[in-house]
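Reading through the structure tokens given below for one structure.
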Amino acid sequence: MNLYINGTGLISAAGSNTDADFLYNVPEYDTNQLLCKEPDYAAFIPAMQLRRMSKAVRMGVAASKICFSQASIEKPDALSIGTAMGCLYDTEQFLKKMVVQNEQQLTPTAFIQSTHNTVAGQIALLCGCNGHNLTYTHRAHSFEHALINAKLYLDDHAGEQVLCGGIDELIEPSRHLMQRAGVYAASNRSAKDVVGTYAQGSVAGEGASFFLLNAAPVKGTLCIKDISVFSTKDKAAAVNNMAQYLNDIAGSIDLVMLGVNGDENSREFYEPLKNGVFAGVPQAAFKQLCGEYATSSAFALGLLSHAVTSGEVPSSVILNNQPKALRRVLIVNHFLHYYSCILVELA
Amino acid sequence: MRQPAYIVNTGIITAIGNDTATCFESLLQCRSGIDKATILQTNWKDDFPVGEIKMSNPDLAALTNTDPTWPRTALLSCVAVQEAWQPFVGKTKGLRVGFFSANTVGGMDLTEGFYKDYLEDNNAGELYQFKNHECGAITELVAAHFQFNDFVTTISTACSSSANSIMLAAQMIASGMIDIAIAGGADSLSRFTLNGFNTLMILDKEPCQPFDQNRRGLNLGEGAGYVVLMNEKAMQQCEADAVCTLSGYANANDAYHQTASSPDGIGNKLAIERAMRKAGVAAGDINYINLHGTGTANNDSSEGKAIEKIFGMNVPCASSTKAYTGHTLGAAGGVEAVFSTLSIQHGVIFPNMRLETAMEDVSWKPTTTLLQDINIRNVLSNSFGFGGNCSSLIFSKC
């Protein structure tokens, strides 16, 4: 597979990749949720339209506009989006009113915007893209499947550009219910805790990470070479799968980006990777910046793309040693029983 | 080499039957499944008829020996997948099997059941009532039940969802990534969707009349529909016979409005044209169109005009089957893929039920009587949805 990243748009708890100091500062917080630092949308979205948009929609639209601007295009040929939870805010708004008002006097706006394909639909609408348009909602494989879809599309449509993104928004009832389910942490953590310690649950997160992908090489850009996904409830089996995968891709890697999240339930996966499978390999972490959510691997890819453009990996993400180069990097993510690897190389 | 995707079996459950044979018989007999809701608990049950499957969750769970506390969408999905997959169980050693399942409601039926209590006391409710809320969780439950591991995904593009899952399945077979796909989708009725469509004022208070001049809106339905697609290698190993191939598919976006179709059906037309190009068929090669035909003023007009533009004065036999099943949303593309397959297999064209007065703004009219013993070589199936999502599939005789 060869998917070249021609543009990157990120909205995250660490800010947007249009910020001058993006990833420059070491994050400092004491919290159990990391919400996005949203940009001034005036540069991306007309005020009239902005007022009607939920957070998921405005983040997605802005992230797509950043991609278009980087690649100097007005619109892509196709869209492929991954979102595990969809437009949670509007879904909850309509649900709440429906149960509280006993199915009476409801208005359509929240319902209209509650469907999982709203972000992809709104982006297509705003840029006038009549092309292929898909939304994947397969939990923590949603973004990876959107990438696979982009690859299949480009196989049939050489020379075209696909906008591909991972997006999820966090709302309080969802965060709280996932805390009750043991996924998100009840107690506050610091960025240091997230990468260096383990406790019950992870810091909840959200974000929009979009990419403009094409199949034609552009020198100096990142190229997605392989995507591998699997799910298992057996952490030891997951570690073995990773060792096997590293063997399969053969050759050395310059850096591994790990989705370490400070959750006790992930210890059995990440510790054998840090100290065994990837011992001796420069390691970095990313969830201390974006929090834990199902499409966070897209943020990791964005961070990497930004690092390549800016010429350095921010010291705040390094777990052990600075990589000597970024020719070949592996992103390893894990959320609940979903696992994924994204292998990228510098073109 | 790109490999064709053959359709070798189907599985379905809708308001007109719990399996393919029963649904087929209902279509032949013009038996509608639209009726007053008795399972769905809603204040609107006397106002809006629905295409409801008259089985409780425990009764559905008993059909597949699954857990009655699952969301209803997962239970429906399991019934249809079981029918589609049963002939091949134990025969697929060494073959890569993908499960492509779409839905739009996820576990909303359970979430909406406990949410009022939760708003009053955020410790209320049990884990099972919200842990499977995500669309992906529905697919995951069903995949685990049938032990599909090689590739499992969920698509959610509103009413075109399961047409897209079938499209992706065919692409992955074509590219050699998998050998077999079970592809389609499921959706159960929920108060959330019924009330949502009611706010849009597009629900019919009577049984719906797609493509009628005096149509008033749609009836919501529920169900699940899947096709099993295989490459040649898998067909040989499983000793499966092909009913037809999925020869063409395309997905386009109307880019006009979040919920309404453009007056001229721009997205609809693009999807149909691109699917025909992919299949290598001309307008004159299409023998039957299974319409999206929801029964809303907007959809039928846009779809009618898009078809008129492509087929001119020679529109083939066409019908919407939503007057039988209701609009099953995320399941519709899967359900209608099963009906399209049946059309080719048995050489029949199902009548567009309850059509009394032809639409004035389109020049053609759907078929209103059952046609049998016809050599049907190519069927076009349309699925259009919110977000401008428009998908068309073409099924061709082998």
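FYI, nothing fancy with the structure tokens labels: chains A, B, ... in order, residues from 1 per chain, ligands from 1 as they appear.
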
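Within region 191-264 of chain B, DSSP run on the backbone puts these residues in alpha helix (DSSP H): B:Arg191, B:Phe192, B:Thr193, B:Leu194, B:Asn195, B:Gly196, B:Phe197, B:Asn198, B:Thr199, B:Glu232, B:Lys233, B:Ala234, B:Met235, B:Gln236, B:Gln237, B:Cys238.
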
Preceding selection exported with N, CA and C atoms as a PDB file, in the first residue's frame:
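Contents of the output file result.pdb:
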ATOM      1  N   ARG B 191     -37.653   4.497  19.435  1.00  0.00           N
ATOM      2  CA  ARG B 191     -38.401   5.742  19.627  1.00  0.00           C
ATOM      3  C   ARG B 191     -37.597   6.911  19.074  1.00  0.00           C
ATOM      4  N   PHE B 192     -36.259   6.826  19.186  1.00  0.00           N
ATOM      5  CA  PHE B 192     -35.381   7.891  18.720  1.00  0.00           C
ATOM      6  C   PHE B 192     -35.614   8.166  17.232  1.00  0.00           C
ATOM      7  N   THR B 193     -35.586   7.117  16.415  1.00  0.00           N
ATOM      8  CA  THR B 193     -35.754   7.339  14.976  1.00  0.00           C
ATOM      9  C   THR B 193     -37.201   7.708  14.622  1.00  0.00           C
ATOM     10  N   LEU B 194     -38.168   7.075  15.296  1.00  0.00           N
ATOM     11  CA  LEU B 194     -39.569   7.384  14.988  1.00  0.00           C
ATOM     12  C   LEU B 194     -39.851   8.862  15.285  1.00  0.00           C
ATOM     13  N   ASN B 195     -39.408   9.313  16.453  1.00  0.00           N
ATOM     14  CA  ASN B 195     -39.630  10.723  16.803  1.00  0.00           C
ATOM     15  C   ASN B 195     -38.819  11.659  15.922  1.00  0.00           C
ATOM     16  N   GLY B 196     -37.615  11.239  15.559  1.00  0.00           N
ATOM     17  CA  GLY B 196     -36.785  12.066  14.685  1.00  0.00           C
ATOM     18  C   GLY B 196     -37.443  12.275  13.330  1.00  0.00           C
ATOM     19  N   PHE B 197     -37.895  11.204  12.720  1.00  0.00           N
ATOM     20  CA  PHE B 197     -38.558  11.325  11.417  1.00  0.00           C
ATOM     21  C   PHE B 197     -39.871  12.095  11.550  1.00  0.00           C
ATOM     22  N   ASN B 198     -40.506  11.971  12.709  1.00  0.00           N
ATOM     23  CA  ASN B 198     -41.748  12.722  12.923  1.00  0.00           C
ATOM     24  C   ASN B 198     -41.481  14.234  12.950  1.00  0.00           C
ATOM     25  N   THR B 199     -40.341  14.650  13.563  1.00  0.00           N
ATOM     26  CA  THR B 199     -40.042  16.092  13.573  1.00  0.00           C
ATOM     27  C   THR B 199     -39.809  16.609  12.150  1.00  0.00           C
ATOM     28  N   GLU B 232     -14.120 -17.186  -6.755  1.00  0.00           N
ATOM     29  CA  GLU B 232     -14.280 -18.519  -7.350  1.00  0.00           C
ATOM     30  C   GLU B 232     -13.671 -19.618  -6.492  1.00  0.00           C
ATOM     31  N   LYS B 233     -12.513 -19.306  -5.915  1.00  0.00           N
ATOM     32  CA  LYS B 233     -11.831 -20.286  -5.073  1.00  0.00           C
ATOM     33  C   LYS B 233     -12.726 -20.706  -3.908  1.00  0.00           C
ATOM     34  N   ALA B 234     -13.335 -19.721  -3.247  1.00  0.00           N
ATOM     35  CA  ALA B 234     -14.203 -20.010  -2.103  1.00  0.00           C
ATOM     36  C   ALA B 234     -15.439 -20.801  -2.544  1.00  0.00           C
ATOM     37  N   MET B 235     -15.973 -20.473  -3.720  1.00  0.00           N
ATOM     38  CA  MET B 235     -17.158 -21.185  -4.205  1.00  0.00           C
ATOM     39  C   MET B 235     -16.865 -22.661  -4.418  1.00  0.00           C
ATOM     40  N   GLN B 236     -15.673 -22.932  -4.968  1.00  0.00           N
ATOM     41  CA  GLN B 236     -15.298 -24.338  -5.191  1.00  0.00           C
ATOM     42  C   GLN B 236     -15.167 -25.082  -3.876  1.00  0.00           C
ATOM     43  N   GLN B 237     -14.447 -24.458  -2.938  1.00  0.00           N
ATOM     44  CA  GLN B 237     -14.219 -25.123  -1.654  1.00  0.00           C
ATOM     45  C   GLN B 237     -15.533 -25.344  -0.897  1.00  0.00           C
ATOM     46  N   CYS B 238     -16.442 -24.360  -0.959  1.00  0.00           N
ATOM     47  CA  CYS B 238     -17.707 -24.447  -0.212  1.00  0.00           C
ATOM     48  C   CYS B 238     -18.801 -25.155  -1.012  1.00  0.00           C
TER      49      CYS B 238
END

Counting only C-alpha atoms, chain B residues within 6 Å of chain A, as a VMD selection string: chain B and resid 116 136 153 to 157 196 199 to 200 251 to 256 387

Quick one: residues within 12 Å of Asn265 (chain A), only C-alpha atoms counted, chain neighbours fewer than 6 positions away excluded, as a list in words? Gly182, Val183, Tyr184, Ala185, Thr197, Tyr198, Ala199, Gln200, Gly201, Ser202, Lys233, Asp234, Lys235, Glu271, His334, Phe335, Leu336 and His337 of chain A

When distances are computed from only C-alpha atoms, which of A:Asn2, A:Tyr89, A:Ala243, A:Ala325 shows the smallest separation from Lys151 (chain A)? A:Asn2

Near-region 176-185 of chain B list (7 Å; only C-alpha atoms; drop same-chain fewer than 2 positions) as a PDB file with N, CA and C atoms, in the first residue's frame:
ATOM      1  N   SER B  77     -29.927  -8.837  13.327  1.00  0.00           N
ATOM      2  CA  SER B  77     -28.755  -9.124  12.506  1.00  0.00           C
ATOM      3  C   SER B  77     -28.398 -10.609  12.589  1.00  0.00           C
ATOM      4  N   LEU B  95      -9.884 -20.155   4.320  1.00  0.00           N
ATOM      5  CA  LEU B  95     -10.393 -19.011   3.560  1.00  0.00           C
ATOM      6  C   LEU B  95     -10.533 -17.802   4.488  1.00  0.00           C
ATOM      7  N   ARG B  96     -10.333 -16.620   3.927  1.00  0.00           N
ATOM      8  CA  ARG B  96     -10.460 -15.391   4.727  1.00  0.00           C
ATOM      9  C   ARG B  96     -11.894 -14.862   4.605  1.00  0.00           C
ATOM     10  N   VAL B  97     -12.547 -14.764   5.766  1.00  0.00           N
ATOM     11  CA  VAL B  97     -13.965 -14.392   5.798  1.00  0.00           C
ATOM     12  C   VAL B  97     -14.137 -12.995   6.402  1.00  0.00           C
ATOM     13  N   GLY B  98     -14.797 -12.119   5.679  1.00  0.00           N
ATOM     14  CA  GLY B  98     -15.052 -10.768   6.191  1.00  0.00           C
ATOM     15  C   GLY B  98     -16.522 -10.587   6.535  1.00  0.00           C
ATOM     16  N   PHE B  99     -16.782  -9.798   7.568  1.00  0.00           N
ATOM     17  CA  PHE B  99     -18.163  -9.487   7.956  1.00  0.00           C
ATOM     18  C   PHE B  99     -18.343  -7.974   7.864  1.00  0.00           C
ATOM     19  N   PHE B 100     -19.238  -7.551   6.991  1.00  0.00           N
ATOM     20  CA  PHE B 100     -19.458  -6.127   6.717  1.00  0.00           C
ATOM     21  C   PHE B 100     -20.897  -5.818   7.086  1.00  0.00           C
ATOM     22  N   SER B 101     -21.094  -5.149   8.211  1.00  0.00           N
ATOM     23  CA  SER B 101     -22.456  -4.959   8.685  1.00  0.00           C
ATOM     24  C   SER B 101     -22.707  -3.491   8.981  1.00  0.00           C
ATOM     25  N   ALA B 102     -23.820  -2.992   8.472  1.00  0.00           N
ATOM     26  CA  ALA B 102     -24.151  -1.581   8.669  1.00  0.00           C
ATOM     27  C   ALA B 102     -25.303  -1.451   9.647  1.00  0.00           C
ATOM     28  N   ASN B 103     -25.363  -0.340  10.340  1.00  0.00           N
ATOM     29  CA  ASN B 103     -26.570   0.011  11.080  1.00  0.00           C
ATOM     30  C   ASN B 103     -26.514   1.488  11.421  1.00  0.00           C
ATOM     31  N   SER B 162     -26.176  -0.077   4.294  1.00  0.00           N
ATOM     32  CA  SER B 162     -25.839  -1.465   3.956  1.00  0.00           C
ATOM     33  C   SER B 162     -25.542  -1.646   2.470  1.00  0.00           C
ATOM     34  N   ALA B 163     -26.005  -0.733   1.612  1.00  0.00           N
ATOM     35  CA  ALA B 163     -25.553  -0.790   0.214  1.00  0.00           C
ATOM     36  C   ALA B 163     -24.041  -0.554   0.193  1.00  0.00           C
ATOM     37  N   SER B 165     -21.928  -1.268   2.629  1.00  0.00           N
ATOM     38  CA  SER B 165     -21.177  -2.405   3.173  1.00  0.00           C
ATOM     39  C   SER B 165     -21.037  -3.495   2.106  1.00  0.00           C
ATOM     40  N   ILE B 166     -22.060  -3.662   1.273  1.00  0.00           N
ATOM     41  CA  ILE B 166     -21.972  -4.652   0.182  1.00  0.00           C
ATOM     42  C   ILE B 166     -20.940  -4.197  -0.860  1.00  0.00           C
ATOM     43  N   ALA B 169     -17.469  -4.824   0.507  1.00  0.00           N
ATOM     44  CA  ALA B 169     -17.187  -6.267   0.497  1.00  0.00           C
ATOM     45  C   ALA B 169     -16.727  -6.702  -0.894  1.00  0.00           C
ATOM     46  N   MET B 172     -13.205  -5.540  -1.575  1.00  0.00           N
ATOM     47  CA  MET B 172     -12.161  -6.306  -0.888  1.00  0.00           C
ATOM     48  C   MET B 172     -11.978  -7.685  -1.496  1.00  0.00           C
ATOM     49  N   ILE B 173     -13.058  -8.276  -2.008  1.00  0.00           N
ATOM     50  CA  ILE B 173     -12.925  -9.552  -2.729  1.00  0.00           C
ATOM     51  C   ILE B 173     -12.177  -9.302  -4.040  1.00  0.00           C
ATOM     52  N   ALA B 174     -12.530  -8.231  -4.743  1.00  0.00           N
ATOM     53  CA  ALA B 174     -11.885  -7.913  -6.020  1.00  0.00           C
ATOM     54  C   ALA B 174     -10.383  -7.737  -5.853  1.00  0.00           C
ATOM     55  N   ALA B 224     -33.207  -6.956   8.896  1.00  0.00           N
ATOM     56  CA  ALA B 224     -31.802  -7.190   8.573  1.00  0.00           C
ATOM     57  C   ALA B 224     -31.751  -7.940   7.257  1.00  0.00           C
ATOM     58  N   GLY B 225     -30.763  -7.630   6.449  1.00  0.00           N
ATOM     59  CA  GLY B 225     -30.608  -8.339   5.180  1.00  0.00           C
ATOM     60  C   GLY B 225     -29.130  -8.470   4.838  1.00  0.00           C
ATOM     61  N   TYR B 226     -28.726  -9.677   4.452  1.00  0.00           N
ATOM     62  CA  TYR B 226     -27.314  -9.925   4.111  1.00  0.00           C
ATOM     63  C   TYR B 226     -27.209 -10.798   2.870  1.00  0.00           C
ATOM     64  N   VAL B 227     -26.161 -10.576   2.096  1.00  0.00           N
ATOM     65  CA  VAL B 227     -25.814 -11.491   1.015  1.00  0.00           C
ATOM     66  C   VAL B 227     -24.439 -12.086   1.340  1.00  0.00           C
ATOM     67  N   VAL B 228     -24.218 -13.316   0.881  1.00  0.00           N
ATOM     68  CA  VAL B 228     -22.888 -13.926   1.016  1.00  0.00           C
ATOM     69  C   VAL B 228     -22.208 -13.818  -0.340  1.00  0.00           C
ATOM     70  N   LEU B 229     -21.061 -13.152  -0.356  1.00  0.00           N
ATOM     71  CA  LEU B 229     -20.288 -12.990  -1.591  1.00  0.00           C
ATOM     72  C   LEU B 229     -19.038 -13.866  -1.514  1.00  0.00           C
ATOM     73  N   MET B 230     -18.691 -14.466  -2.638  1.00  0.00           N
ATOM     74  CA  MET B 230     -17.495 -15.327  -2.656  1.00  0.00           C
ATOM     75  C   MET B 230     -16.712 -15.126  -3.944  1.00  0.00           C
ATOM     76  N   ASN B 231     -15.399 -15.364  -3.865  1.00  0.00           N
ATOM     77  CA  ASN B 231     -14.623 -15.463  -5.095  1.00  0.00           C
ATOM     78  C   ASN B 231     -14.701 -16.907  -5.601  1.00  0.00           C
ATOM     79  N   ALA B 234     -13.335 -19.721  -3.247  1.00  0.00           N
ATOM     80  CA  ALA B 234     -14.203 -20.010  -2.103  1.00  0.00           C
ATOM     81  C   ALA B 234     -15.439 -20.801  -2.544  1.00  0.00           C
ATOM     82  N   GLY B 330     -30.834   1.630   7.948  1.00  0.00           N
ATOM     83  CA  GLY B 330     -29.511   1.043   7.719  1.00  0.00           C
ATOM     84  C   GLY B 330     -29.560  -0.368   7.159  1.00  0.00           C
ATOM     85  N   ALA B 331     -30.731  -1.024   7.254  1.00  0.00           N
ATOM     86  CA  ALA B 331     -30.869  -2.379   6.708  1.00  0.00           C
ATOM     87  C   ALA B 331     -31.357  -2.364   5.264  1.00  0.00           C
ATOM     88  N   GLY B 333     -30.527  -1.274   2.241  1.00  0.00           N
ATOM     89  CA  GLY B 333     -29.684  -1.714   1.129  1.00  0.00           C
ATOM     90  C   GLY B 333     -29.467  -3.225   1.143  1.00  0.00           C
ATOM     91  N   GLY B 334     -29.367  -3.802   2.341  1.00  0.00           N
ATOM     92  CA  GLY B 334     -29.185  -5.254   2.477  1.00  0.00           C
ATOM     93  C   GLY B 334     -30.464  -6.003   2.145  1.00  0.00           C
TER      94      GLY B 334
END

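Scanning region 187-229 of chain B with DSSP on the backbone, the strand (DSSP E or B) assignments fall on Asp187, Leu203, Asp212, Leu218, Leu220, Gly221, Gly223, Ala224, Gly225, Tyr226, Val227, Val228 and Leu229 of chain B.
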
Mind writing the picked residues with C-alpha atoms as a PDB file, in the first residue's frame?
ATOM      1  CA  ASP B 187     -31.692  -1.727  12.142  1.00  0.00           C
ATOM      2  CA  LEU B 203     -43.984   9.964   8.336  1.00  0.00           C
ATOM      3  CA  ASP B 212     -47.896   7.977  -5.977  1.00  0.00           C
ATOM      4  CA  LEU B 218     -42.700   6.993   4.676  1.00  0.00           C
ATOM      5  CA  LEU B 220     -40.406   3.202   9.257  1.00  0.00           C
ATOM      6  CA  GLY B 221     -39.563  -0.470   9.294  1.00  0.00           C
ATOM      7  CA  GLY B 223     -35.080  -5.774   9.792  1.00  0.00           C
ATOM      8  CA  ALA B 224     -31.802  -7.190   8.573  1.00  0.00           C
ATOM      9  CA  GLY B 225     -30.608  -8.339   5.180  1.00  0.00           C
ATOM     10  CA  TYR B 226     -27.314  -9.925   4.111  1.00  0.00           C
ATOM     11  CA  VAL B 227     -25.814 -11.491   1.015  1.00  0.00           C
ATOM     12  CA  VAL B 228     -22.888 -13.926   1.016  1.00  0.00           C
ATOM     13  CA  LEU B 229     -20.288 -12.990  -1.591  1.00  0.00           C
TER      14      LEU B 229
END

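For the residues B:Thr259, B:Thr111, B:Gln129, B:Ser383, ranking by smallest atom-to-atom distance to Gly293 (chain B) using only C-alpha atoms places B:Ser383 first.
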
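Nearest residue to Val256 (chain A), choosing from A:Asn333, A:Gln244, A:Ser187, A:Ser310 and counting only C-alpha atoms: A:Asn333.
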